[in-house]
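J.: Contents of query-v7.tsv (TSV, C-alpha atoms and all ligand atoms):
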chain	number	residue	atom	x	y	z
E	147	MET	CA	16.99	173.65	14.30
E	148	LEU	CA	16.16	171.84	17.50
E	149	PRO	CA	15.77	168.27	16.07
E	150	SER	CA	19.11	168.51	14.30
E	151	ILE	CA	20.90	169.48	17.54
E	152	ALA	CA	19.23	166.54	19.29
E	153	ALA	CA	20.36	164.18	16.55
E	154	GLU	CA	23.93	165.47	16.77
E	155	GLY	CA	23.84	165.07	20.55
E	156	ALA	CA	22.64	161.50	20.31
E	157	GLY	CA	25.28	160.68	17.72
E	158	GLY	CA	27.99	162.21	19.88
E	159	PHE	CA	26.93	160.07	22.81
E	160	THR	CA	27.09	156.77	20.95
E	161	ARG	CA	30.44	157.67	19.47
E	162	SER	CA	32.04	158.59	22.75
E	163	ILE	CA	31.05	155.27	24.42
E	164	GLY	CA	31.99	153.36	21.31
E	165	LEU	CA	31.48	149.89	22.84
E	166	PRO	CA	30.11	146.73	21.21
E	167	SER	CA	26.71	145.71	22.66
E	168	GLY	CA	28.08	142.65	24.59
E	169	GLU	CA	30.44	144.82	26.62
E	170	LEU	CA	27.64	147.31	27.23
E	171	VAL	CA	25.56	144.56	28.83
E	172	LEU	CA	28.50	143.56	31.00
E	173	LEU	CA	29.05	147.17	32.12
E	174	ALA	CA	25.37	147.52	32.98
E	175	GLY	CA	25.60	144.29	35.00
E	176	VAL	CA	28.62	145.53	36.96
E	177	LEU	CA	26.92	148.85	37.66
E	178	ALA	CA	23.76	147.10	38.86
E	179	LEU	CA	25.80	144.83	41.13
E	180	ALA	CA	27.62	147.83	42.61
E	181	LEU	CA	24.29	149.54	43.24
E	182	VAL	CA	22.89	146.46	45.00
E	183	LEU	CA	26.01	146.21	47.20
E	184	LEU	CA	25.82	149.89	48.11
E	185	LEU	CA	22.14	149.66	49.04
E	186	GLY	CA	22.81	146.49	51.05
E	187	TYR	CA	25.60	148.22	52.98
E	188	ARG	CA	23.35	151.22	53.69
E	189	LEU	CA	20.64	148.88	54.98
E	190	TYR	CA	23.14	146.99	57.14
E	191	ARG	CA	24.45	150.27	58.59
E	192	SER	CA	20.98	151.53	59.46
E	193	ALA	CA	19.96	148.18	60.98
E	194	ARG	CA	23.06	147.93	63.22
E	195	VAL	CA	22.03	149.54	66.50
E	196	THR	CA	24.86	150.66	68.81
E	197	PRO	CA	24.65	150.12	72.61
E	198	GLY	CA	24.26	153.89	73.03
E	199	GLN	CA	21.29	154.00	70.68
E	200	ARG	CA	19.68	151.03	72.43
E	201	PHE	CA	20.23	152.63	75.84
E	202	ALA	CA	18.71	155.91	74.61
E	203	GLN	CA	15.71	154.08	73.22
E	204	VAL	CA	15.09	152.19	76.50
E	205	VAL	CA	15.51	155.14	78.88
E	206	GLY	CA	13.66	157.42	76.48
E	207	THR	CA	10.46	155.35	76.49
E	208	PRO	CA	8.85	156.21	79.90
E	209	ASP	CA	7.81	159.76	80.83
E	210	ALA	CA	10.18	159.75	83.79
E	211	VAL	CA	13.07	157.62	85.04
E	212	ALA	CA	15.09	157.45	88.24
E	213	VAL	CA	18.86	157.14	87.92
E	214	LEU	CA	20.17	155.43	91.05
E	215	MET	CA	23.76	155.59	92.30
E	216	HIS	CA	25.27	153.35	95.00
E	217	SER	CA	25.66	154.67	98.53
E	218	ASP	CA	28.47	157.17	99.15
E	219	PRO	CA	28.73	157.85	95.41
E	220	ASP	CA	32.17	158.60	93.98
E	221	PRO	CA	32.96	160.79	90.93
E	222	ASP	CA	32.62	157.81	88.54
E	223	ALA	CA	29.10	157.09	89.84
E	224	MET	CA	28.10	160.77	89.82
E	225	ALA	CA	29.45	161.44	86.31
E	226	SER	CA	27.82	158.27	84.98
E	227	ALA	CA	24.49	159.25	86.53
E	228	VAL	CA	24.67	162.74	85.03
E	229	ALA	CA	25.40	161.28	81.58
E	230	ALA	CA	22.60	158.70	81.85
E	231	ALA	CA	20.17	161.46	82.89
E	232	GLU	CA	21.34	163.61	79.97
E	233	ILE	CA	20.67	160.79	77.50
E	234	ALA	CA	17.16	160.28	78.94
E	235	GLU	CA	16.38	164.03	78.92
E	236	GLU	CA	17.55	164.37	75.34
E	237	GLN	CA	14.88	161.78	74.50
E	238	GLY	CA	12.28	163.91	76.30
E	239	THR	CA	12.18	161.78	79.47
E	240	ASP	CA	12.47	163.50	82.87
E	241	ALA	CA	15.38	162.06	84.86
E	242	THR	CA	16.03	162.40	88.60
E	243	ILE	CA	19.26	161.21	90.22
E	244	TYR	CA	19.15	159.47	93.64
E	245	TYR	CA	21.64	158.04	96.14
E	246	PRO	CA	21.48	156.33	99.54
E	247	GLY	CA	24.09	157.05	102.21
E	248	GLN	CA	26.15	160.21	102.26
E	249	ILE	CA	28.53	162.13	100.03
E	250	GLN	CA	31.39	162.60	102.47
E	251	ARG	CA	34.90	162.42	101.11
E	252	ASP	CA	36.48	165.76	100.22
E	253	GLU	CA	36.99	164.90	96.55
E	254	ASN	CA	33.39	163.66	96.20
E	255	ARG	CA	31.99	166.82	97.76
E	256	ALA	CA	34.32	168.94	95.58
E	257	PHE	CA	32.96	167.16	92.50
E	258	GLU	CA	29.39	167.98	93.53
E	259	THR	CA	30.27	171.60	94.24
E	260	VAL	CA	32.39	172.35	91.16
E	261	LEU	CA	29.82	170.79	88.83
E	262	ASN	CA	27.00	172.47	90.78
E	263	LEU	CA	25.08	169.21	90.95
E	264	GLN	CA	22.11	168.29	93.08
E	265	PHE	CA	21.14	164.71	93.84
E	266	GLN	CA	18.23	163.37	95.90
E	267	ARG	CA	19.25	161.52	99.05
E	268	ILE	CA	17.05	158.55	99.97
E	269	ASP	CA	16.83	156.02	102.82
E	270	SER	CA	14.66	153.39	101.18
E	271	GLY	CA	13.56	152.14	97.76
E	272	GLU	CA	10.12	153.52	98.56
E	273	ASP	CA	11.51	157.07	98.42
E	274	ILE	CA	11.87	156.83	94.64
E	275	ALA	CA	8.84	158.28	92.89
E	276	GLU	CA	9.50	157.05	89.34
E	277	GLN	CA	8.25	153.68	88.10
E	278	GLN	CA	11.43	152.81	86.21
E	279	VAL	CA	14.97	152.77	87.59
E	280	VAL	CA	18.35	152.90	85.85
E	281	LEU	CA	21.39	151.67	87.84
E	282	VAL	CA	24.82	153.09	87.10
E	283	ASP	CA	28.18	151.97	88.55
E	284	HIS	CA	26.54	149.08	90.45
E	285	ASN	CA	24.33	146.25	89.30
E	286	THR	CA	22.23	145.24	92.31
E	287	THR	CA	20.37	147.32	94.90
E	288	ARG	CA	21.02	144.96	97.84
E	289	GLU	CA	22.48	147.75	99.94
E	290	LEU	CA	19.21	149.69	99.81
E	291	LYS	CA	16.29	149.17	102.20
E	292	ASN	CA	13.07	147.95	100.48
E	293	ASP	CA	14.87	147.53	97.18
E	294	GLY	CA	12.22	144.99	96.17
E	295	THR	CA	9.84	147.86	95.40
E	296	LEU	CA	12.05	149.00	92.50
E	297	ALA	CA	11.63	148.05	88.84
E	298	ILE	CA	15.16	148.06	87.41
E	299	MET	CA	14.81	148.70	83.68
E	300	ALA	CA	18.48	149.25	82.81
E	301	VAL	CA	21.90	148.48	84.30
E	302	VAL	CA	25.18	150.05	83.18
E	303	ASP	CA	28.20	149.00	85.23
E	304	HIS	CA	31.85	147.95	85.29
E	305	HIS	CA	31.72	145.79	88.44
E	306	SER	CA	31.33	142.04	88.25
E	307	GLY	CA	28.00	140.72	89.48
E	308	ASP	CA	24.85	139.19	88.14
E	309	GLY	CA	22.46	142.15	88.37
E	310	THR	CA	20.45	142.81	85.23
E	311	GLY	CA	17.89	145.30	83.95
E	312	SER	CA	14.56	144.11	82.56
E	313	GLN	CA	15.18	145.88	79.24
E	314	PHE	CA	18.87	146.73	79.06
E	315	THR	CA	22.06	145.35	80.66
E	316	ASP	CA	25.59	146.47	79.81
E	317	VAL	CA	28.07	145.24	82.44
E	318	ARG	CA	31.74	145.29	81.43
E	319	PRO	CA	33.96	144.35	84.38
E	320	GLU	CA	37.12	144.71	82.28
E	321	LEU	CA	36.68	148.48	82.03
E	322	GLY	CA	38.36	150.89	84.43
E	323	ALA	CA	35.33	153.15	84.83
E	324	CYS	CA	31.58	153.18	84.28
E	325	ALA	CA	31.98	156.73	82.92
E	326	SER	CA	33.86	155.22	79.95
E	327	ILE	CA	30.75	153.25	78.96
E	328	LEU	CA	28.45	156.29	79.22
E	329	SER	CA	30.98	158.32	77.19
E	330	GLU	CA	30.83	155.69	74.47
E	331	TYR	CA	27.02	156.01	74.45
E	332	LEU	CA	27.21	159.78	74.02
E	333	ASN	CA	29.69	159.23	71.18
E	334	ASP	CA	27.34	156.63	69.62
E	335	LEU	CA	24.58	159.22	69.78
E	336	GLY	CA	26.69	161.74	67.88
E	337	ARG	CA	27.18	164.24	70.71
E	338	ALA	CA	30.29	166.34	70.09
E	339	PRO	CA	32.09	167.60	73.24
E	340	ASP	CA	32.28	171.37	73.22
E	341	ASP	CA	34.03	173.87	75.51
E	342	THR	CA	30.83	175.69	76.56
E	343	TRP	CA	30.18	175.23	80.27
E	344	ILE	CA	26.52	174.80	81.22
E	345	ASP	CA	25.63	173.70	84.75
E	346	VAL	CA	23.35	170.69	84.73
E	347	HIS	CA	21.72	171.72	88.02
E	348	PRO	CA	18.12	170.56	87.67
E	349	ASP	CA	16.45	173.61	89.23
E	350	ASN	CA	17.93	176.20	86.94
E	351	LYS	CA	15.36	176.93	84.19
E	352	GLN	CA	17.64	179.16	82.14
E	353	ASN	CA	20.28	176.44	82.08
E	354	ARG	CA	17.72	173.88	81.03
E	355	GLN	CA	16.95	176.01	77.98
E	356	LYS	CA	20.64	176.41	77.17
E	357	LEU	CA	21.08	172.66	77.55
E	358	GLN	CA	18.19	172.05	75.18
E	359	GLN	CA	19.82	174.27	72.53
E	360	THR	CA	23.12	172.44	72.97
E	361	ARG	CA	21.37	169.10	72.46
E	362	GLU	CA	19.66	170.35	69.31
E	363	LYS	CA	23.08	171.27	67.89
E	364	GLY	CA	24.41	167.80	68.73
E	365	LEU	CA	26.93	169.23	71.20
E	366	LEU	CA	27.87	168.04	74.69
E	367	PRO	CA	28.51	170.74	77.33
E	368	ALA	CA	31.93	170.86	79.02
E	369	SER	CA	30.32	170.30	82.44
E	370	ILE	CA	29.33	166.75	81.44
E	371	SER	CA	32.58	165.98	79.55
E	372	THR	CA	34.77	167.27	82.39
E	373	GLY	CA	32.81	165.26	84.95
E	374	LEU	CA	33.18	162.08	82.88
E	375	VAL	CA	36.94	162.59	82.48
E	376	TYR	CA	37.34	163.09	86.22
E	377	GLY	CA	35.20	160.00	86.90
E	378	ILE	CA	37.49	157.94	84.66
E	379	GLN	CA	40.60	159.45	86.27
E	380	THR	CA	39.54	158.72	89.85
E	381	ASP	CA	38.53	155.11	89.12
E	382	THR	CA	41.77	154.32	87.27
E	383	ASP	CA	44.29	156.19	89.42
E	384	ASN	CA	44.77	158.78	86.67
E	385	LEU	CA	44.69	156.23	83.85
E	386	THR	CA	47.47	154.13	85.38
E	387	ASP	CA	45.52	151.28	86.97
E	388	GLY	CA	43.10	148.79	85.39
E	389	CYS	CA	42.63	150.73	82.13
E	390	THR	CA	41.62	149.33	78.78
E	391	ALA	CA	41.79	150.87	75.32
E	392	ALA	CA	38.10	151.75	75.78
E	393	ASP	CA	38.91	153.98	78.77
E	394	PHE	CA	41.59	155.84	76.78
E	395	GLU	CA	39.22	156.06	73.82
E	396	ALA	CA	36.59	157.65	76.08
E	397	VAL	CA	39.04	160.31	77.27
E	398	ARG	CA	40.16	160.95	73.67
E	399	TYR	CA	36.51	161.49	72.67
E	400	LEU	CA	35.89	163.84	75.62
E	401	TYR	CA	39.14	165.78	75.16
E	402	ASN	CA	37.67	168.89	73.45
E	403	GLY	CA	35.20	169.32	76.30
E	404	ILE	CA	37.68	169.33	79.19
E	405	ASP	CA	37.67	172.43	81.40
E	406	ASN	CA	41.19	172.25	82.84
E	407	ASN	CA	40.60	174.83	85.51
E	408	ARG	CA	37.63	173.08	87.02
E	409	LEU	CA	39.23	169.64	86.58
E	410	ASN	CA	42.09	170.91	88.70
E	411	ARG	CA	39.71	172.27	91.36
E	412	MET	CA	38.04	168.86	91.62
E	413	ALA	CA	41.29	166.92	91.71
E	414	ASN	CA	42.91	169.14	94.34
E	415	PRO	CA	40.14	170.27	96.71
E	416	ASP	CA	40.97	172.41	99.70
E	417	VAL	CA	41.59	170.15	102.66
E	418	ASP	CA	40.01	171.16	105.96
E	419	ALA	CA	42.25	171.76	108.98
E	420	GLU	CA	40.79	168.80	110.84
E	421	THR	CA	41.81	166.36	108.13
E	422	LEU	CA	45.32	167.81	107.99
E	423	GLU	CA	45.60	167.48	111.78
E	424	LEU	CA	44.58	163.84	111.61
E	425	LEU	CA	47.15	163.21	108.85
E	426	ALA	CA	49.80	164.85	111.05
E	427	GLN	CA	48.69	162.72	114.00
E	428	ALA	CA	48.94	159.55	111.90
E	429	ILE	CA	52.48	160.43	110.88
E	430	THR	CA	53.57	161.36	114.42
E	431	ASN	CA	52.01	158.27	116.04
E	432	ARG	CA	53.30	155.81	113.46
E	433	ASP	CA	54.91	152.65	114.70
E	434	VAL	CA	57.11	151.33	111.89
E	435	ARG	CA	58.44	147.79	112.08
E	436	SER	CA	59.80	147.48	108.59
E	437	PRO	CA	58.27	146.89	106.20
E	438	PHE	CA	55.00	147.33	108.13
E	439	ALA	CA	53.47	150.35	109.87
E	440	ILE	CA	50.53	150.86	112.23
E	441	SER	CA	49.30	154.20	113.46
E	442	ASP	CA	46.67	154.76	116.15
E	443	VAL	CA	45.28	158.29	115.86
E	444	GLY	CA	43.02	158.00	118.94
E	445	THR	CA	39.58	159.61	119.03
E	446	VAL	CA	38.60	161.55	115.91
E	447	SER	CA	35.58	163.56	114.81
E	448	ASN	CA	35.77	162.65	111.10
E	449	THR	CA	36.45	158.99	110.33
E	450	ASP	CA	36.77	159.73	106.59
E	451	ALA	CA	40.26	161.00	107.21
E	452	ILE	CA	41.37	157.55	108.49
E	453	PRO	CA	41.56	155.93	105.02
E	454	GLN	CA	43.20	159.10	103.70
E	455	ALA	CA	45.84	158.78	106.42
E	456	ALA	CA	46.42	155.14	105.43
E	457	ASP	CA	46.94	156.26	101.81
E	458	GLU	CA	49.51	158.82	102.96
E	459	LEU	CA	51.44	156.46	105.25
E	460	GLU	CA	51.64	153.80	102.54
E	461	ARG	CA	53.73	156.25	100.54
E	462	LEU	CA	56.59	156.00	103.08
E	463	ASP	CA	59.68	154.51	101.45
E	464	CYS	CA	60.25	151.53	103.68
E	465	VAL	CA	56.57	150.64	104.20
E	466	THR	CA	54.73	148.00	102.13
E	467	ALA	CA	51.66	147.55	104.34
E	468	VAL	CA	49.96	149.91	106.76
E	469	VAL	CA	46.96	150.03	109.07
E	470	VAL	CA	45.57	153.24	110.56
E	471	MET	CA	43.11	153.02	113.44
E	472	GLY	CA	41.05	155.66	115.22
E	473	ASP	CA	37.79	155.72	117.12
E	474	LYS	CA	34.55	157.65	117.04
E	475	ASP	CA	31.40	157.04	119.14
E	476	GLY	CA	32.97	154.05	120.90
E	477	VAL	CA	33.86	152.24	117.66
E	478	ILE	CA	37.38	151.78	116.33
E	479	ARG	CA	37.65	152.20	112.55
E	480	LEU	CA	40.45	150.41	110.73
E	481	ALA	CA	41.84	151.25	107.31
E	482	GLY	CA	44.54	149.04	105.80
E	483	ARG	CA	46.64	149.30	102.65
E	484	SER	CA	49.11	146.82	101.20
E	485	SER	CA	51.38	146.82	98.18
E	486	ASP	CA	52.99	143.64	99.52
E	487	ASP	CA	51.97	140.38	97.83
E	488	ARG	CA	52.43	138.49	101.10
E	489	ILE	CA	49.80	140.63	102.82
E	490	HIS	CA	46.15	140.21	101.87
E	491	MET	CA	44.85	143.20	103.82
E	492	GLY	CA	41.16	142.28	103.60
E	493	LYS	CA	41.79	138.75	104.92
E	494	ILE	CA	44.02	140.00	107.75
E	495	LEU	CA	41.44	142.52	108.97
E	496	GLY	CA	38.65	139.96	108.51
E	497	THR	CA	40.45	137.29	110.55
E	498	LEU	CA	41.46	139.65	113.34
E	499	THR	CA	38.00	141.11	113.83
E	500	ASP	CA	36.35	137.69	113.60
E	501	SER	CA	36.96	136.77	117.25
E	502	ILE	CA	35.58	140.07	118.63
E	503	PRO	CA	31.78	140.18	119.12
E	504	LEU	CA	29.96	142.64	116.81
E	505	ALA	CA	33.22	143.57	115.08
E	506	GLY	CA	33.72	143.15	111.35
E	507	GLY	CA	36.34	143.59	108.69
E	508	GLY	CA	37.34	142.61	105.18
E	509	GLY	CA	38.21	143.93	101.74
E	510	HIS	CA	40.59	143.25	98.88
E	511	ALA	CA	44.25	142.20	98.89
E	512	ARG	CA	45.47	145.78	98.61
E	513	MET	CA	42.80	147.57	100.60
E	514	GLY	CA	40.76	146.64	103.63
E	515	GLY	CA	38.72	148.12	106.45
E	516	GLY	CA	37.02	147.18	109.67
E	517	ARG	CA	35.12	148.35	112.74
E	518	ILE	CA	35.43	147.19	116.34
E	519	PRO	CA	33.19	148.30	119.21
E	520	ILE	CA	35.71	149.18	121.94
E	521	GLU	CA	33.71	147.70	124.85
E	522	HIS	CA	33.43	144.36	123.04
E	523	MET	CA	37.12	144.37	122.21
E	524	GLU	CA	37.91	144.96	125.89
E	525	GLY	CA	35.92	141.95	127.02
E	526	LEU	CA	32.16	142.62	126.97
E	527	GLY	CA	30.40	139.46	125.85
E	528	PRO	CA	32.14	136.19	124.98
E	529	GLY	CA	35.91	136.25	124.50
E	530	LYS	CA	38.61	137.13	126.99
E	531	GLY	CA	39.13	140.70	125.89
E	532	LEU	CA	41.99	142.73	124.46
E	533	SER	CA	43.44	146.15	125.18
E	534	ARG	CA	44.03	148.55	122.31
E	535	ALA	CA	47.79	148.02	122.59
E	536	GLU	CA	47.34	144.25	122.54
E	537	PHE	CA	45.19	144.51	119.43
E	538	LYS	CA	47.97	146.48	117.74
E	539	GLU	CA	50.49	143.74	118.62
E	540	GLN	CA	48.15	141.11	117.16
E	541	LEU	CA	47.92	143.17	114.00
E	542	PHE	CA	51.71	143.24	113.62
E	543	LYS	CA	51.83	139.49	114.24
E	544	ALA	CA	49.16	138.88	111.59
E	545	MET	CA	51.10	141.02	109.09
E	546	ASN	CA	54.15	138.87	109.82
E	547	GLY	CA	52.12	135.77	109.02
E	548	GLU	CA	51.68	134.61	112.65
E	549	PHE	CA	48.04	134.27	113.55
E	601	MN	MN	33.21	152.96	89.16
Please lay out the structure from this file as structure tokens.
Ligand SMILES: [Mn+2]
T.:
Amino acid sequence: MLPSIAAEGAGGFTRSIGLPSGELVLLAGVLALALVLLLGYRLYRSARVTPGQRFAQVVGTPDAVAVLMHSDPDPDAMASAVAAAEIAEEQGTDATIYYPGQIQRDENRAFETVLNLQFQRIDSGEDIAEQQVVLVDHNTTRELKNDGTLAIMAVVDHHSGDGTGSQFTDVRPELGACASILSEYLNDLGRAPDDTWIDVHPDNKQNRQKLQQTREKGLLPASISTGLVYGIQTDTDNLTDGCTAADFEAVRYLYNGIDNNRLNRMANPDVDAETLELLAQAITNRDVRSPFAISDVGTVSNTDAIPQAADELERLDCVTAVVVMGDKDGVIRLAGRSSDDRIHMGKILGTLTDSIPLAGGGGHARMGGGRIPIEHMEGLGPGKGLSRAEFKEQLFKAMNGEF
């Protein structure tokens, strides 16, 4: 019985193909070619390494890495550092996040609080224990004391500059935020944003376990996604200024992991009474000579509110350029804003402070700052000296193009 079934089966097969032998050879050739192409494509795909995979490989090689932010880190720097540390930890490398300077501005402190983050503050490059350093959101460490002691292995940034890492450099000045680059890496690594919130606070053992489980499932906790979205938002004025398709793509990727409640708490932190009083003072004391405004708020205890006051005053209808000044510890702080193409704020503040000993100023066309020791402005040292009122008049003159 069995052989006869086999014979019938074989006959059936030949009949159903029913091709002359020449065409059979051709068909076999086409199939073989298709197979070769498919294998080649697979090989090409596996050989093509994405920037995210390369970054993970580099930061995942040592036992421990330091992730270093610039001084006075903003949400873009903090979110980028958290993401870089997450990529290293997923590879089994311990990551510690450091910063010089201080986290002062309300929105920066709110970011730290809402995300329950903890960073190590340092004064000098020697305070970093790890042998290998990753820079995010800046590409040189010139602002840090004893930065020569650091071995920079990787640099991820969106500022122009010539800083490089010994093993990895990804600097894209066209992008609105560094957080967009780190988001792309997480996407490259197949991490899917998820709405589960897990604090990434380094001291919490239970959370570390939860984080580990999330990593094993290929998910990305909402704490990291939400931080990255807020980092992108703050560096691009809510996706309205200096954005590229890559920044929008990053937010699209992170979308499922956004915690709206916490995002709102970060974006609209409670303002302390002192800051509000300084804003009120700046509005009351404003001297508007259209389209320019200057406000002297006198002596203040928190100089951070001076740039915030300049931001507020610039919103006045008839004002295109504004300078707010106030003093603390014998030093006048200046914050200038300009939406007027005739006024290069950084140059104006630079030129005006140039003639006063130990004073300094500068910045961009639209934003500038400066500091003037009051006793030097009033005549200590070389120079004939200026009163505060006279300095204000000079400032108006400079804004009008008369130096
Ligand atoms: Mn940035």
J.: I'd like the interatomic distance between atom CA of Val213 of chain E and atom CA of Thr360 of chain E, to a tenth of an Å.
T.: 21.8 Å
J.: Using only C-alpha atoms and all ligand atoms, determine which residues fall within 7 Å of ligand MN 601 (chain E), then list them as a tab-separated table (two decimals) with C-alpha atoms, keeping the file's coordinate frame.
T.:
chain	number	residue	atom	x	y	z
E	222	ASP	CA	32.62	157.81	88.54
E	223	ALA	CA	29.10	157.09	89.84
E	283	ASP	CA	28.18	151.97	88.55
E	304	HIS	CA	31.85	147.95	85.29
E	323	ALA	CA	35.33	153.15	84.83
E	324	CYS	CA	31.58	153.18	84.28
E	381	ASP	CA	38.53	155.11	89.12
J.: Using Å and a single decimal, report how far atom CA of Asp218 of chain E sits from atom CA of Phe394 of chain E.
T.: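 Result for atom CA of Phe394 of chain E versus atom CA of Asp218 of chain E: 26.0 Å, one decimal.
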J.: I'd like to know which of E:Thr372, E:Gln266, E:Ser326, E:Thr449 is closest to Glu420 of chain E, using all atoms listed in the file.
T.: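 Closest candidate: E:Thr449.
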J.: Using only C-alpha atoms, which of the listed residues (E:Ser217, E:Gln379, E:Asn262, E:Gln352) sits closest to Gln248 of chain E?
T.: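 Nearest candidate to Gln248 of chain E out of E:Ser217, E:Gln379, E:Asn262, E:Gln352: E:Ser217.
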J.: Got a sec: who's within 9 Å of Gln313 of chain E, counting only C-alpha atoms, leaving out chain neighbours fewer than 5 positions off, as a list in words?
T.: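 Residues meeting the cut-off are Val204, Ile298, Met299, Ala300 and Val301 of chain E.
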J.: Which one of E:Leu400, E:Met412, E:Ala256, E:Met545 sits closest to Ile440 of chain E if you count all atoms listed in the file?
T.: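 Answer, going by the shortest atom-to-atom distance: E:Met545.
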J.: Measure the distance from atom CA of Pro339 of chain E to atom CA of Leu189 of chain E in Å and round it to one decimal.
T.: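 Those two atoms sit 28.5 Å apart.
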J.: Give me, as a VMD selection string, all polymer residues having an atom no more than 9 Å from Asp450 of chain E, counting only C-alpha atoms and skipping those fewer than 6 positions away in the same chain.
T.: chain E and resid 250 to 252 421
J.: Go ahead and write the residues just picked, C-alpha atoms, as a short mmCIF file (atom, residue, chain, number, x, y, z; two decimals), in the frame of the given file.
T.:
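Result file follows (again.cif):
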data_model
loop_
_atom_site.label_atom_id
_atom_site.label_comp_id
_atom_site.auth_asym_id
_atom_site.auth_seq_id
_atom_site.Cartn_x
_atom_site.Cartn_y
_atom_site.Cartn_z
CA GLN E 250 31.39 162.60 102.47
CA ARG E 251 34.90 162.42 101.11
CA ASP E 252 36.48 165.76 100.22
CA THR E 421 41.81 166.36 108.13
#
J.: Can you tell me, as a list in words, what residues are no more than 9 Å from His216 of chain E when counting all atoms listed in the file, ignoring any on the same chain fewer than 4 positions away?
T.: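 In the requested form, the answer reads Asp220, Ala223, Tyr244, Tyr245, Pro246, Gly247, Leu281, Val282, Asp283, His284, Thr287, Glu289 and Leu290 of chain E.
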J.: Show me, as a ChimeraX atom specification, the residues that have an atom within 12 Å of Glu536 of chain E when counting all atoms listed in the file, minus same-chain residues fewer than 4 positions from it.
T.: /E:498,523-524,531-532,540-543
J.: Could you add whatever atoms are missing so that segment 478-491 of chain E carries N, CA and C atoms, then write the result as a CSV table (one decimal), keeping the file's coordinate frame?
T.:
chain,number,residue,atom,x,y,z
E,478,ILE,N,36.1,151.6,117.0
E,478,ILE,CA,37.4,151.8,116.3
E,478,ILE,C,37.2,151.5,114.8
E,479,ARG,N,37.7,152.4,114.0
E,479,ARG,CA,37.6,152.2,112.6
E,479,ARG,C,39.1,151.8,112.1
E,480,LEU,N,39.2,150.8,111.2
E,480,LEU,CA,40.4,150.4,110.7
E,480,LEU,C,40.5,150.7,109.2
E,481,ALA,N,41.6,151.2,108.8
E,481,ALA,CA,41.8,151.2,107.3
E,481,ALA,C,43.2,150.7,107.0
E,482,GLY,N,43.3,149.7,106.1
E,482,GLY,CA,44.5,149.0,105.8
E,482,GLY,C,44.9,149.2,104.3
E,483,ARG,N,46.2,149.3,104.0
E,483,ARG,CA,46.6,149.3,102.6
E,483,ARG,C,47.8,148.4,102.5
E,484,SER,N,48.0,147.7,101.4
E,484,SER,CA,49.1,146.8,101.2
E,484,SER,C,49.5,146.8,99.7
E,485,SER,N,50.8,147.0,99.5
E,485,SER,CA,51.4,146.8,98.2
E,485,SER,C,52.3,145.6,98.2
E,486,ASP,N,52.1,144.8,99.3
E,486,ASP,CA,53.0,143.6,99.5
E,486,ASP,C,52.2,142.4,99.2
E,487,ASP,N,52.7,141.6,98.3
E,487,ASP,CA,52.0,140.4,97.8
E,487,ASP,C,51.8,139.4,98.9
E,488,ARG,N,52.6,139.4,100.0
E,488,ARG,CA,52.4,138.5,101.1
E,488,ARG,C,51.3,138.9,102.0
E,489,ILE,N,50.8,140.1,101.9
E,489,ILE,CA,49.8,140.6,102.8
E,489,ILE,C,48.5,140.8,102.1
E,490,HIS,N,47.5,140.0,102.4
E,490,HIS,CA,46.2,140.2,101.9
E,490,HIS,C,45.4,141.0,103.0
E,491,MET,N,45.3,142.3,102.8
E,491,MET,CA,44.8,143.2,103.8
E,491,MET,C,43.4,142.9,104.2
